[in-house]
Amino acid sequence: MADRVSPGAITDGMNCREAVCIHTDKIFDSCRDKDCIEDLRLYPTAASQFYIDNAVSVRARTAQLLYASVDVDEVTFNRGFYTVDVRYFYRVTGDAFTLSNPPAEIEGLAVFDKRVILFGSEGSAKVFTSQDIITDGQTMRRAIMPKAIVEAVDPIILNMRVVDVCDCIPGDSVYTDVPDFISAMFNGDLVLDGTGRRVYITIGQFSIIRLERDSQLLIPVYDYCMPEKECVGCGDDDPCTLFSRISFPVDEFFPPDTIDKSDCYRDVMGNTRGS
């Protein structure tokens, strides 16, 4: 290309000092999703299962995204495209109600699988670094694959219901492949069989998924990045002197006149939570 810019100083009147090559991850394709997942099975702890078996109703509290495992594979019938399989692990809490006792807190694991197809281009060059630890053929295979990135926030929990085993959802299978570090995040062993009553939840999940590849890009440079703020360390001031430098928290004492609804999007179940 005749108009291609080469690395070096730029003298065509622009405010750039020079054009330089950098190595970075280039985004080839991305998508965003707003998933509403209905009747997602909850795998409670053993203590929670006891309360669920004796409950007349349940109410949702919170849902926390613990981890998302990501895997990339080629689409054989469409060159340059890849499937991205994501498995979300959630910690869900709620209340179980009986006719005679106060509500008891319950918690459990929910798992959601998602697949998207994105363009990741083609690459035959294998990328290795000094930080790579090759342990198996799967690691070697990833050397020429694009990298999948998943960004997600904690979901909005929309509904929670308890059903008898005979009323369970058709096709509901038992999930047993729970990573050890996920199981360790719960207060007790998870009940993964299907002998007791079951709880199903409905959640809303926002996510962004993208495919990236290592690339060398030519970019303009305006100047070096020099921090403007000076570093301030801890001195020998007494605690009261340090306290005197803290601004008075006026907003903590006076409620706002208006509320930005975008900061309270978790208010679906009546549990208002700001950002």
# chains A, B, ... in the order shown; residues from 1 in each chain; ligands from 1
>>> residues_around(residues="Val178 in chain A", least_positions_apart="2", cutoff="10 Å", atoms="only C-alpha atoms", output="VMD selection string")
chain A and resid 89 109 111 175 to 176 180 to 183 190 192
>>> closest_residue(among="A:Arg59, A:Arg87, A:Lys114, A:Arg197", to="Asp177 in chain A", atoms="only C-alpha atoms")
A:Arg87
>>> closest_residue(among="A:Ser207, A:Ser48, A:Gln64, A:Thr83", to="Ala148 in chain A", atoms="only C-alpha atoms")
A:Thr83
>>> atom_distance(atom1="CA of Ala68 in chain A", atom2="CA of Gly196 in chain A")
27.6 Å
>>> select_by_dssp(residues="range 84-129 of chain A", states="strand (DSSP E)", output="PyMOL selection string")
chain A and resi 84-97+104-119
>>> write_last_selection(atoms="C-alpha atoms", output="PDB file, in the first residue's frame")
ATOM      1  CA  VAL A  84     -17.062 -20.024  22.583  1.00  0.00           C
ATOM      2  CA  ASP A  85     -18.501 -22.222  25.330  1.00  0.00           C
ATOM      3  CA  VAL A  86     -18.989 -20.528  28.680  1.00  0.00           C
ATOM      4  CA  ARG A  87     -20.059 -22.199  31.907  1.00  0.00           C
ATOM      5  CA  TYR A  88     -21.192 -19.810  34.634  1.00  0.00           C
ATOM      6  CA  PHE A  89     -21.121 -20.866  38.301  1.00  0.00           C
ATOM      7  CA  TYR A  90     -23.417 -18.974  40.688  1.00  0.00           C
ATOM      8  CA  ARG A  91     -23.845 -18.871  44.453  1.00  0.00           C
ATOM      9  CA  VAL A  92     -27.516 -18.245  45.194  1.00  0.00           C
ATOM     10  CA  THR A  93     -29.065 -17.448  48.579  1.00  0.00           C
ATOM     11  CA  GLY A  94     -32.676 -17.291  49.657  1.00  0.00           C
ATOM     12  CA  ASP A  95     -35.154 -17.939  52.473  1.00  0.00           C
ATOM     13  CA  ALA A  96     -37.215 -21.067  53.125  1.00  0.00           C
ATOM     14  CA  PHE A  97     -40.554 -20.570  54.888  1.00  0.00           C
ATOM     15  CA  ALA A 104     -34.269 -20.134  57.340  1.00  0.00           C
ATOM     16  CA  GLU A 105     -31.498 -18.999  55.005  1.00  0.00           C
ATOM     17  CA  ILE A 106     -30.652 -21.401  52.199  1.00  0.00           C
ATOM     18  CA  GLU A 107     -27.794 -21.363  49.710  1.00  0.00           C
ATOM     19  CA  GLY A 108     -26.751 -23.414  46.739  1.00  0.00           C
ATOM     20  CA  LEU A 109     -25.007 -23.669  43.401  1.00  0.00           C
ATOM     21  CA  ALA A 110     -26.528 -22.915  39.998  1.00  0.00           C
ATOM     22  CA  VAL A 111     -24.789 -23.628  36.687  1.00  0.00           C
ATOM     23  CA  PHE A 112     -25.572 -22.053  33.306  1.00  0.00           C
ATOM     24  CA  ASP A 113     -24.018 -23.107  29.981  1.00  0.00           C
ATOM     25  CA  LYS A 114     -23.859 -20.710  27.035  1.00  0.00           C
ATOM     26  CA  ARG A 115     -22.453 -21.008  23.497  1.00  0.00           C
ATOM     27  CA  VAL A 116     -21.814 -18.259  20.938  1.00  0.00           C
ATOM     28  CA  ILE A 117     -20.097 -18.210  17.521  1.00  0.00           C
ATOM     29  CA  LEU A 118     -17.659 -15.398  16.772  1.00  0.00           C
ATOM     30  CA  PHE A 119     -15.149 -14.544  14.066  1.00  0.00           C
TER      31      PHE A 119
END
>>> residues_around(residues="range 16-29 of chain A", least_positions_apart="4", cutoff="12 Å", atoms="only C-alpha atoms", output="ChimeraX atom specification")
/A:4-12,80-84,116-122,146-149,208-224
>>> write_last_selection(atoms="C-alpha atoms", output="PDB file, in the first residue's frame")
ATOM      1  CA  ARG A   4       1.165   2.873   4.510  1.00  0.00           C
ATOM      2  CA  VAL A   5       2.859   4.567   7.476  1.00  0.00           C
ATOM      3  CA  SER A   6       6.245   3.233   8.578  1.00  0.00           C
ATOM      4  CA  PRO A   7       7.630   3.331  12.119  1.00  0.00           C
ATOM      5  CA  GLY A   8       9.533   6.516  12.930  1.00  0.00           C
ATOM      6  CA  ALA A   9       9.037  10.238  13.330  1.00  0.00           C
ATOM      7  CA  ILE A  10       5.923  11.755  11.727  1.00  0.00           C
ATOM      8  CA  THR A  11       6.524  15.003   9.828  1.00  0.00           C
ATOM      9  CA  ASP A  12       3.281  15.518   7.935  1.00  0.00           C
ATOM     10  CA  GLY A  80     -12.250 -18.255  10.662  1.00  0.00           C
ATOM     11  CA  PHE A  81     -15.197 -18.728  13.029  1.00  0.00           C
ATOM     12  CA  TYR A  82     -15.085 -20.311  16.480  1.00  0.00           C
ATOM     13  CA  THR A  83     -17.502 -21.480  19.117  1.00  0.00           C
ATOM     14  CA  VAL A  84     -17.062 -20.024  22.583  1.00  0.00           C
ATOM     15  CA  VAL A 116     -21.814 -18.259  20.938  1.00  0.00           C
ATOM     16  CA  ILE A 117     -20.097 -18.210  17.521  1.00  0.00           C
ATOM     17  CA  LEU A 118     -17.659 -15.398  16.772  1.00  0.00           C
ATOM     18  CA  PHE A 119     -15.149 -14.544  14.066  1.00  0.00           C
ATOM     19  CA  GLY A 120     -11.582 -15.040  15.240  1.00  0.00           C
ATOM     20  CA  SER A 121      -9.699 -14.980  11.925  1.00  0.00           C
ATOM     21  CA  GLU A 122      -7.116 -17.580  10.972  1.00  0.00           C
ATOM     22  CA  PRO A 146      -7.767 -17.002  19.423  1.00  0.00           C
ATOM     23  CA  LYS A 147      -8.285 -16.039  23.038  1.00  0.00           C
ATOM     24  CA  ALA A 148     -11.835 -15.741  24.357  1.00  0.00           C
ATOM     25  CA  ILE A 149     -12.636 -13.087  26.963  1.00  0.00           C
ATOM     26  CA  ILE A 208     -19.815  -9.352  26.833  1.00  0.00           C
ATOM     27  CA  ILE A 209     -17.849 -12.020  24.959  1.00  0.00           C
ATOM     28  CA  ARG A 210     -15.013 -11.326  22.535  1.00  0.00           C
ATOM     29  CA  LEU A 211     -12.271 -13.098  20.588  1.00  0.00           C
ATOM     30  CA  GLU A 212      -8.746 -11.689  20.540  1.00  0.00           C
ATOM     31  CA  ARG A 213      -5.428 -12.548  18.916  1.00  0.00           C
ATOM     32  CA  ASP A 214      -1.882 -11.417  19.550  1.00  0.00           C
ATOM     33  CA  SER A 215      -1.107  -8.708  16.988  1.00  0.00           C
ATOM     34  CA  GLN A 216       1.564  -6.179  16.165  1.00  0.00           C
ATOM     35  CA  LEU A 217      -0.054  -2.827  15.471  1.00  0.00           C
ATOM     36  CA  LEU A 218       1.317   0.479  14.249  1.00  0.00           C
ATOM     37  CA  ILE A 219      -0.034   3.365  16.319  1.00  0.00           C
ATOM     38  CA  PRO A 220       0.658   7.099  16.578  1.00  0.00           C
ATOM     39  CA  VAL A 221       2.493   8.373  19.652  1.00  0.00           C
ATOM     40  CA  TYR A 222       1.704  11.821  20.985  1.00  0.00           C
ATOM     41  CA  ASP A 223       4.017  11.804  23.988  1.00  0.00           C
ATOM     42  CA  TYR A 224       5.191   9.673  26.878  1.00  0.00           C
TER      43      TYR A 224
END
>>> decode(residues="range 139-169 of chain A", atoms="N, CA and C atoms", output="compact mmCIF listing (two decimals), in the first residue's frame")
# COMPACT_ATOMS: atom_id res chain seq x y z
N THR A 139 -2.94 -27.73 25.77
CA THR A 139 -2.21 -26.47 25.89
C THR A 139 -1.50 -26.14 24.58
N MET A 140 -0.92 -27.15 23.93
CA MET A 140 -0.27 -26.94 22.64
C MET A 140 -1.28 -26.47 21.59
N ARG A 141 -2.48 -27.02 21.63
CA ARG A 141 -3.50 -26.67 20.65
C ARG A 141 -3.91 -25.21 20.77
N ARG A 142 -3.91 -24.70 21.97
CA ARG A 142 -4.33 -23.32 22.18
C ARG A 142 -3.32 -22.32 21.66
N ALA A 143 -2.14 -22.77 21.30
CA ALA A 143 -1.10 -21.86 20.84
C ALA A 143 -1.48 -21.16 19.54
N ILE A 144 -2.38 -21.75 18.74
CA ILE A 144 -2.78 -21.14 17.47
C ILE A 144 -4.24 -20.68 17.51
N MET A 145 -4.90 -20.82 18.64
CA MET A 145 -6.31 -20.44 18.74
C MET A 145 -6.44 -19.00 19.23
N PRO A 146 -7.52 -18.32 18.83
CA PRO A 146 -7.77 -17.00 19.42
C PRO A 146 -8.13 -17.14 20.90
N LYS A 147 -8.00 -16.05 21.60
CA LYS A 147 -8.29 -16.04 23.04
C LYS A 147 -9.68 -15.47 23.27
N ALA A 148 -10.48 -16.19 24.05
CA ALA A 148 -11.84 -15.74 24.36
C ALA A 148 -11.84 -15.03 25.70
N ILE A 149 -12.50 -13.89 25.74
CA ILE A 149 -12.64 -13.09 26.96
C ILE A 149 -14.12 -12.95 27.28
N VAL A 150 -14.48 -13.21 28.53
CA VAL A 150 -15.87 -13.06 28.98
C VAL A 150 -15.90 -12.03 30.10
N GLU A 151 -16.71 -11.01 29.92
CA GLU A 151 -16.96 -10.02 30.97
C GLU A 151 -18.42 -10.15 31.38
N ALA A 152 -18.65 -10.27 32.68
CA ALA A 152 -20.01 -10.44 33.18
C ALA A 152 -20.14 -9.82 34.55
N VAL A 153 -21.34 -9.41 34.88
CA VAL A 153 -21.65 -8.87 36.21
C VAL A 153 -22.48 -9.89 36.97
N ASP A 154 -22.63 -9.67 38.26
CA ASP A 154 -23.51 -10.53 39.04
C ASP A 154 -24.92 -10.48 38.45
N PRO A 155 -25.58 -11.61 38.35
CA PRO A 155 -26.90 -11.63 37.72
C PRO A 155 -27.97 -11.01 38.61
N ILE A 156 -29.09 -10.71 37.98
CA ILE A 156 -30.28 -10.27 38.71
C ILE A 156 -31.14 -11.49 38.94
N ILE A 157 -31.47 -11.78 40.18
CA ILE A 157 -32.31 -12.94 40.47
C ILE A 157 -33.77 -12.51 40.40
N LEU A 158 -34.53 -13.18 39.56
CA LEU A 158 -35.90 -12.77 39.26
C LEU A 158 -36.96 -13.61 39.94
N ASN A 159 -36.65 -14.88 40.19
CA ASN A 159 -37.66 -15.75 40.77
C ASN A 159 -37.00 -16.96 41.41
N MET A 160 -37.66 -17.54 42.40
CA MET A 160 -37.22 -18.77 43.03
C MET A 160 -38.46 -19.55 43.45
N ARG A 161 -38.49 -20.85 43.14
CA ARG A 161 -39.65 -21.66 43.51
C ARG A 161 -39.20 -23.06 43.89
N VAL A 162 -39.98 -23.71 44.73
CA VAL A 162 -39.68 -25.06 45.20
C VAL A 162 -40.74 -26.00 44.65
N VAL A 163 -40.31 -27.20 44.21
CA VAL A 163 -41.23 -28.19 43.65
C VAL A 163 -40.91 -29.56 44.24
N ASP A 164 -41.88 -30.44 44.22
CA ASP A 164 -41.64 -31.83 44.60
C ASP A 164 -40.90 -32.55 43.48
N VAL A 165 -40.29 -33.67 43.82
CA VAL A 165 -39.51 -34.42 42.82
C VAL A 165 -40.39 -34.86 41.66
N CYS A 166 -41.62 -35.24 41.94
CA CYS A 166 -42.52 -35.70 40.88
C CYS A 166 -42.93 -34.56 39.96
N ASP A 167 -42.74 -33.29 40.39
CA ASP A 167 -43.10 -32.14 39.57
C ASP A 167 -41.89 -31.47 38.93
N CYS A 168 -40.75 -32.18 38.94
CA CYS A 168 -39.53 -31.56 38.42
C CYS A 168 -39.63 -31.37 36.92
N ILE A 169 -38.78 -30.51 36.38
CA ILE A 169 -38.81 -30.17 34.96
C ILE A 169 -38.29 -31.35 34.14
